[in-house]
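Enquirer: Input model_15.txt, format and content: compact mmCIF, N, CA and C atoms.
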# COMPACT_ATOMS: atom_id res chain seq x y z
N MET C 1 16.15 89.64 68.73
CA MET C 1 16.52 88.52 69.57
C MET C 1 17.89 88.04 69.13
N GLU C 2 18.71 87.71 70.09
CA GLU C 2 20.05 87.18 69.83
C GLU C 2 20.15 85.78 70.42
N VAL C 3 20.99 84.95 69.84
CA VAL C 3 21.19 83.58 70.33
C VAL C 3 22.64 83.42 70.72
N ALA C 4 22.88 82.77 71.86
CA ALA C 4 24.24 82.48 72.32
C ALA C 4 24.33 80.99 72.64
N LYS C 5 25.49 80.43 72.43
CA LYS C 5 25.73 79.01 72.67
C LYS C 5 26.50 78.85 73.98
N ILE C 6 26.16 77.84 74.76
CA ILE C 6 26.83 77.57 76.03
C ILE C 6 27.99 76.61 75.77
N SER C 7 29.18 76.99 76.29
CA SER C 7 30.36 76.12 76.13
C SER C 7 30.31 74.99 77.15
N SER C 8 31.25 74.05 77.03
CA SER C 8 31.32 72.92 77.97
C SER C 8 31.62 73.40 79.39
N LYS C 9 32.17 74.61 79.54
CA LYS C 9 32.45 75.18 80.87
C LYS C 9 31.28 76.03 81.39
N GLY C 10 30.18 76.06 80.65
CA GLY C 10 29.02 76.84 81.08
C GLY C 10 29.14 78.31 80.73
N GLN C 11 30.07 78.66 79.86
CA GLN C 11 30.27 80.05 79.49
C GLN C 11 29.50 80.37 78.21
N ILE C 12 29.10 81.63 78.12
CA ILE C 12 28.46 82.10 76.89
C ILE C 12 29.21 83.33 76.39
N THR C 13 29.12 83.56 75.10
CA THR C 13 29.65 84.78 74.52
C THR C 13 28.46 85.69 74.26
N ILE C 14 28.49 86.87 74.84
CA ILE C 14 27.40 87.82 74.64
C ILE C 14 27.61 88.47 73.27
N PRO C 15 26.61 88.41 72.41
CA PRO C 15 26.76 88.99 71.07
C PRO C 15 27.16 90.47 71.13
N VAL C 16 27.94 90.89 70.13
CA VAL C 16 28.45 92.26 70.07
C VAL C 16 27.33 93.28 70.18
N SER C 17 26.23 93.06 69.48
CA SER C 17 25.13 94.04 69.50
C SER C 17 24.58 94.22 70.92
N VAL C 18 24.52 93.14 71.69
CA VAL C 18 24.03 93.22 73.07
C VAL C 18 25.07 93.91 73.95
N ARG C 19 26.35 93.56 73.78
CA ARG C 19 27.42 94.21 74.55
C ARG C 19 27.43 95.71 74.30
N ASN C 20 27.23 96.10 73.06
CA ASN C 20 27.20 97.52 72.74
C ASN C 20 26.03 98.24 73.41
N LYS C 21 24.86 97.62 73.37
CA LYS C 21 23.67 98.24 73.98
C LYS C 21 23.83 98.37 75.49
N LEU C 22 24.50 97.39 76.11
CA LEU C 22 24.71 97.42 77.56
C LEU C 22 25.99 98.16 77.96
N LYS C 23 26.72 98.65 76.96
CA LYS C 23 27.98 99.35 77.18
C LYS C 23 28.96 98.50 77.97
N LEU C 24 29.04 97.23 77.60
CA LEU C 24 29.94 96.28 78.26
C LEU C 24 31.27 96.22 77.52
N LYS C 25 32.34 96.12 78.29
CA LYS C 25 33.65 95.92 77.70
C LYS C 25 34.36 94.82 78.47
N THR C 26 35.47 94.38 77.96
CA THR C 26 36.23 93.29 78.57
C THR C 26 36.48 93.58 80.05
N GLY C 27 36.19 92.61 80.88
CA GLY C 27 36.41 92.74 82.32
C GLY C 27 35.23 93.27 83.11
N ASP C 28 34.22 93.82 82.42
CA ASP C 28 33.03 94.31 83.12
C ASP C 28 32.27 93.15 83.74
N LYS C 29 31.51 93.47 84.76
CA LYS C 29 30.68 92.46 85.41
C LYS C 29 29.22 92.72 85.07
N ILE C 30 28.45 91.64 85.07
CA ILE C 30 27.01 91.77 84.84
C ILE C 30 26.28 91.21 86.05
N VAL C 31 25.08 91.69 86.25
CA VAL C 31 24.20 91.19 87.30
C VAL C 31 23.11 90.39 86.61
N ILE C 32 22.85 89.19 87.12
CA ILE C 32 21.80 88.34 86.57
C ILE C 32 20.72 88.21 87.62
N PHE C 33 19.49 88.49 87.24
CA PHE C 33 18.39 88.36 88.19
C PHE C 33 17.20 87.70 87.52
N GLU C 34 16.35 87.13 88.37
CA GLU C 34 15.16 86.42 87.89
C GLU C 34 13.93 87.20 88.29
N GLU C 35 12.98 87.24 87.38
CA GLU C 35 11.71 87.88 87.66
C GLU C 35 10.62 87.08 86.95
N ASN C 36 9.73 86.51 87.73
CA ASN C 36 8.62 85.72 87.18
C ASN C 36 9.09 84.63 86.22
N GLY C 37 10.15 83.93 86.61
CA GLY C 37 10.63 82.81 85.81
C GLY C 37 11.49 83.19 84.62
N ARG C 38 11.73 84.48 84.42
CA ARG C 38 12.59 84.94 83.33
C ARG C 38 13.88 85.49 83.92
N PHE C 39 14.97 85.30 83.21
CA PHE C 39 16.26 85.80 83.67
C PHE C 39 16.67 87.01 82.84
N TYR C 40 17.22 87.99 83.53
CA TYR C 40 17.67 89.23 82.91
C TYR C 40 19.09 89.51 83.37
N PHE C 41 19.83 90.24 82.56
CA PHE C 41 21.14 90.66 83.03
C PHE C 41 21.37 92.11 82.65
N GLU C 42 22.16 92.79 83.49
CA GLU C 42 22.47 94.20 83.30
C GLU C 42 23.93 94.44 83.60
N ASN C 43 24.45 95.51 83.05
CA ASN C 43 25.79 95.98 83.36
C ASN C 43 25.79 96.38 84.84
N SER C 44 26.62 95.75 85.66
CA SER C 44 26.57 96.00 87.10
C SER C 44 26.94 97.44 87.46
N ALA C 45 27.89 98.05 86.74
CA ALA C 45 28.27 99.43 87.02
C ALA C 45 27.12 100.38 86.72
N MET C 46 26.44 100.16 85.60
CA MET C 46 25.32 101.02 85.24
C MET C 46 24.17 100.86 86.23
N LEU C 47 23.94 99.64 86.69
CA LEU C 47 22.90 99.38 87.67
C LEU C 47 23.22 100.09 88.98
N ALA C 48 24.47 100.02 89.42
CA ALA C 48 24.88 100.70 90.66
C ALA C 48 24.70 102.20 90.53
N PHE C 49 25.07 102.76 89.39
CA PHE C 49 24.91 104.19 89.17
C PHE C 49 23.44 104.58 89.19
N LYS C 50 22.60 103.78 88.55
CA LYS C 50 21.17 104.05 88.51
C LYS C 50 20.57 104.03 89.92
N ARG C 51 20.99 103.06 90.72
CA ARG C 51 20.47 102.98 92.10
C ARG C 51 20.96 104.15 92.96
N ALA C 52 22.20 104.56 92.77
CA ALA C 52 22.72 105.72 93.51
C ALA C 52 21.95 106.98 93.11
N GLU C 53 21.71 107.12 91.83
CA GLU C 53 20.97 108.28 91.32
C GLU C 53 19.56 108.31 91.93
N GLU C 54 18.90 107.17 92.00
CA GLU C 54 17.56 107.09 92.59
C GLU C 54 17.60 107.42 94.08
N ALA C 55 18.65 106.98 94.76
CA ALA C 55 18.76 107.24 96.20
C ALA C 55 18.93 108.73 96.49
N PHE C 56 19.60 109.44 95.59
CA PHE C 56 19.84 110.88 95.81
C PHE C 56 18.75 111.76 95.22
N ASP C 57 17.81 111.17 94.50
CA ASP C 57 16.76 111.95 93.88
C ASP C 57 16.00 112.77 94.91
N GLY C 58 15.94 114.07 94.71
CA GLY C 58 15.20 114.96 95.60
C GLY C 58 15.99 115.47 96.80
N GLU C 59 17.17 114.95 97.03
CA GLU C 59 17.95 115.36 98.20
C GLU C 59 18.43 116.81 98.11
N ALA C 60 18.77 117.29 96.92
CA ALA C 60 19.21 118.68 96.77
C ALA C 60 18.09 119.64 97.16
N ALA C 61 16.88 119.34 96.72
CA ALA C 61 15.74 120.19 97.07
C ALA C 61 15.50 120.18 98.58
N LYS C 62 15.64 119.01 99.21
CA LYS C 62 15.46 118.92 100.66
C LYS C 62 16.51 119.76 101.39
N ALA C 63 17.71 119.86 100.80
CA ALA C 63 18.79 120.62 101.42
C ALA C 63 18.67 122.12 101.12
N GLY C 64 17.68 122.50 100.31
CA GLY C 64 17.44 123.91 100.03
C GLY C 64 18.07 124.43 98.75
N PHE C 65 18.62 123.56 97.94
CA PHE C 65 19.20 123.99 96.68
C PHE C 65 18.11 124.01 95.61
N GLU C 66 17.94 125.16 94.97
CA GLU C 66 16.90 125.26 93.94
C GLU C 66 17.45 125.09 92.53
N THR C 67 18.73 125.43 92.35
CA THR C 67 19.33 125.31 91.03
C THR C 67 20.68 124.62 91.14
N GLU C 68 21.20 124.22 90.00
CA GLU C 68 22.54 123.62 89.98
C GLU C 68 23.58 124.65 90.41
N GLU C 69 23.33 125.90 90.05
CA GLU C 69 24.27 126.97 90.44
C GLU C 69 24.31 127.13 91.96
N ASP C 70 23.17 126.98 92.64
CA ASP C 70 23.15 127.02 94.11
C ASP C 70 24.10 125.98 94.68
N MET C 71 24.04 124.79 94.11
CA MET C 71 24.89 123.69 94.57
C MET C 71 26.35 124.00 94.28
N GLN C 72 26.64 124.53 93.12
CA GLN C 72 28.02 124.86 92.77
C GLN C 72 28.58 125.96 93.68
N ASP C 73 27.76 126.96 94.00
CA ASP C 73 28.19 128.02 94.92
C ASP C 73 28.53 127.44 96.28
N TYR C 74 27.69 126.54 96.74
CA TYR C 74 27.93 125.88 98.04
C TYR C 74 29.24 125.09 98.00
N MET C 75 29.47 124.37 96.92
CA MET C 75 30.70 123.58 96.80
C MET C 75 31.93 124.49 96.78
N ARG C 76 31.82 125.66 96.13
CA ARG C 76 32.94 126.61 96.13
C ARG C 76 33.24 127.09 97.55
N GLU C 77 32.19 127.35 98.33
CA GLU C 77 32.37 127.77 99.73
C GLU C 77 33.07 126.69 100.54
N ILE C 78 32.65 125.44 100.35
CA ILE C 78 33.25 124.32 101.08
C ILE C 78 34.73 124.20 100.70
N ARG C 79 35.04 124.31 99.42
CA ARG C 79 36.44 124.21 98.98
C ARG C 79 37.29 125.32 99.60
N LYS C 80 36.75 126.54 99.69
CA LYS C 80 37.48 127.63 100.32
C LYS C 80 37.77 127.32 101.77
N GLU C 81 36.79 126.79 102.48
CA GLU C 81 37.00 126.44 103.90
C GLU C 81 38.06 125.35 104.04
N VAL C 82 38.00 124.35 103.19
CA VAL C 82 38.96 123.24 103.27
C VAL C 82 40.38 123.71 102.94
N ARG C 83 40.48 124.55 101.93
CA ARG C 83 41.79 125.05 101.50
C ARG C 83 42.31 126.18 102.38
N GLY C 84 41.42 126.81 103.12
CA GLY C 84 41.83 127.89 104.02
C GLY C 84 41.94 129.25 103.37
N TYR C 85 41.32 129.46 102.23
CA TYR C 85 41.30 130.78 101.59
C TYR C 85 40.04 131.00 100.82
Write the structure described by the file as structure tokens, please.
Expert:
Amino acid sequence: MEVAKISSKGQITIPVSVRNKLKLKTGDKIVIFEENGRFYFENSAMLAFKRAEEAFDGEAAKAGFETEEDMQDYMREIRKEVRGY
């Protein structure tokens, strides 16, 4: 458990150990949400990446790709078409 103090402007300093665990650096944004009366916060970039990953889960299989190499072969074909060779 970590403790943070609220400044007169309503700001808090997130302890270094917490910033490190959340992979936060200067200028990063956090998302604050409430669940059952408790407040949580997460690194907004990591949360967005996690949600994108969940949204794409299973899409490669639906498109007929069985391996990562299948996907890479397809991407090489697309690049050839775009480049014209």
Enquirer: List every residue of region 2-82 of chain C that DSSP, applied to the backbone of this structure, places in strand (DSSP E or B), and write the result as a list in words.
Expert: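 The strand (DSSP E or B) residues within region 2-82 of chain C come out as Ile6, Ile12, Ile30, Val31, Ile32, Phe33, Glu34, Glu35, Arg38, Phe39, Tyr40, Phe41, Glu42 and Asn43 of chain C.
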Enquirer: Can you tell me, as lines of an AutoDock Vina configuration file, the centre and edge lengths (Å, one decimal) of the axis-aligned box enclosing all of region 65-79 of chain C's listed atoms after padding each side by 6 Å?
Expert:
center_x = 27.1
center_y = 125.8
center_z = 95.5
size_x = 32.4
size_y = 16.5
size_z = 23.1
Enquirer: Restricting the calculation to only N, CA and C atoms, which member of C:Ala4, C:Thr13, C:Glu69, C:Lys29 is positioned closest to Ser44 (chain C)?
Expert: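 Selected residue with least distance to Ser44 (chain C): C:Lys29.
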Enquirer: Can you pull out every residue from chain C that DSSP, working from the backbone, puts in alpha helix (DSSP H), and format the result as a ChimeraX atom specification?
Expert: /C:16-22,44-56,59-62,68-83
Enquirer: Can you measure CA of Gly37 (chain C) to atom N of Leu24 (chain C) for me? One decimal in Å is fine.
Expert: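 Calculated distance between CA of Gly37 (chain C) and atom N of Leu24 (chain C) is 24.8 Å.
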Enquirer: Got a sec to check which residues sit within 8 Å of (21.4, 87.7, 68.8), counting all atoms listed in the file, and write them as JSON, numbers by chain?
Expert: {"C": [1, 2, 3, 4, 14, 15, 16, 17, 18]}
Enquirer: Suppose we keep N, CA and C atoms; can you now write the selection as an mmCIF file, keeping the file's coordinate frame?
Expert:
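So part-v7.cif came out as:
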data_model
loop_
_atom_site.group_PDB
_atom_site.id
_atom_site.type_symbol
_atom_site.label_atom_id
_atom_site.label_comp_id
_atom_site.auth_asym_id
_atom_site.auth_seq_id
_atom_site.Cartn_x
_atom_site.Cartn_y
_atom_site.Cartn_z
ATOM 1 N N MET C 1 16.150 89.640 68.730
ATOM 2 C CA MET C 1 16.520 88.520 69.570
ATOM 3 C C MET C 1 17.890 88.040 69.130
ATOM 4 N N GLU C 2 18.710 87.710 70.090
ATOM 5 C CA GLU C 2 20.050 87.180 69.830
ATOM 6 C C GLU C 2 20.150 85.780 70.420
ATOM 7 N N VAL C 3 20.990 84.950 69.840
ATOM 8 C CA VAL C 3 21.190 83.580 70.330
ATOM 9 C C VAL C 3 22.640 83.420 70.720
ATOM 10 N N ALA C 4 22.880 82.770 71.860
ATOM 11 C CA ALA C 4 24.240 82.480 72.320
ATOM 12 C C ALA C 4 24.330 80.990 72.640
ATOM 13 N N ILE C 14 28.490 86.870 74.840
ATOM 14 C CA ILE C 14 27.400 87.820 74.640
ATOM 15 C C ILE C 14 27.610 88.470 73.270
ATOM 16 N N PRO C 15 26.610 88.410 72.410
ATOM 17 C CA PRO C 15 26.760 88.990 71.070
ATOM 18 C C PRO C 15 27.160 90.470 71.130
ATOM 19 N N VAL C 16 27.940 90.890 70.130
ATOM 20 C CA VAL C 16 28.450 92.260 70.070
ATOM 21 C C VAL C 16 27.330 93.280 70.180
ATOM 22 N N SER C 17 26.230 93.060 69.480
ATOM 23 C CA SER C 17 25.130 94.040 69.500
ATOM 24 C C SER C 17 24.580 94.220 70.920
ATOM 25 N N VAL C 18 24.520 93.140 71.690
ATOM 26 C CA VAL C 18 24.030 93.220 73.070
ATOM 27 C C VAL C 18 25.070 93.910 73.950
#
Enquirer: One decimal, in Å: what's the spacing between atom N of Lys25 (chain C) and atom C of Phe56 (chain C)?
Expert: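 Separation between atom N of Lys25 (chain C) and atom C of Phe56 (chain C): 26.8 Å.
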Enquirer: Can you work out the spacing between atom C of Ala55 (chain C) and CA of Arg79 (chain C) in Å, to one decimal?
Expert: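 Atom-to-atom, atom C of Ala55 (chain C) to CA of Arg79 (chain C), that is 23.5 Å.
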Enquirer: Near Asn43 (chain C), counting only C-alpha atoms, which residues have an atom at most 12 Å away, once you skip same-chain residues fewer than 4 positions from it, shown as a PyMOL selection string?
Expert: chain C and resi 18-33+47-50
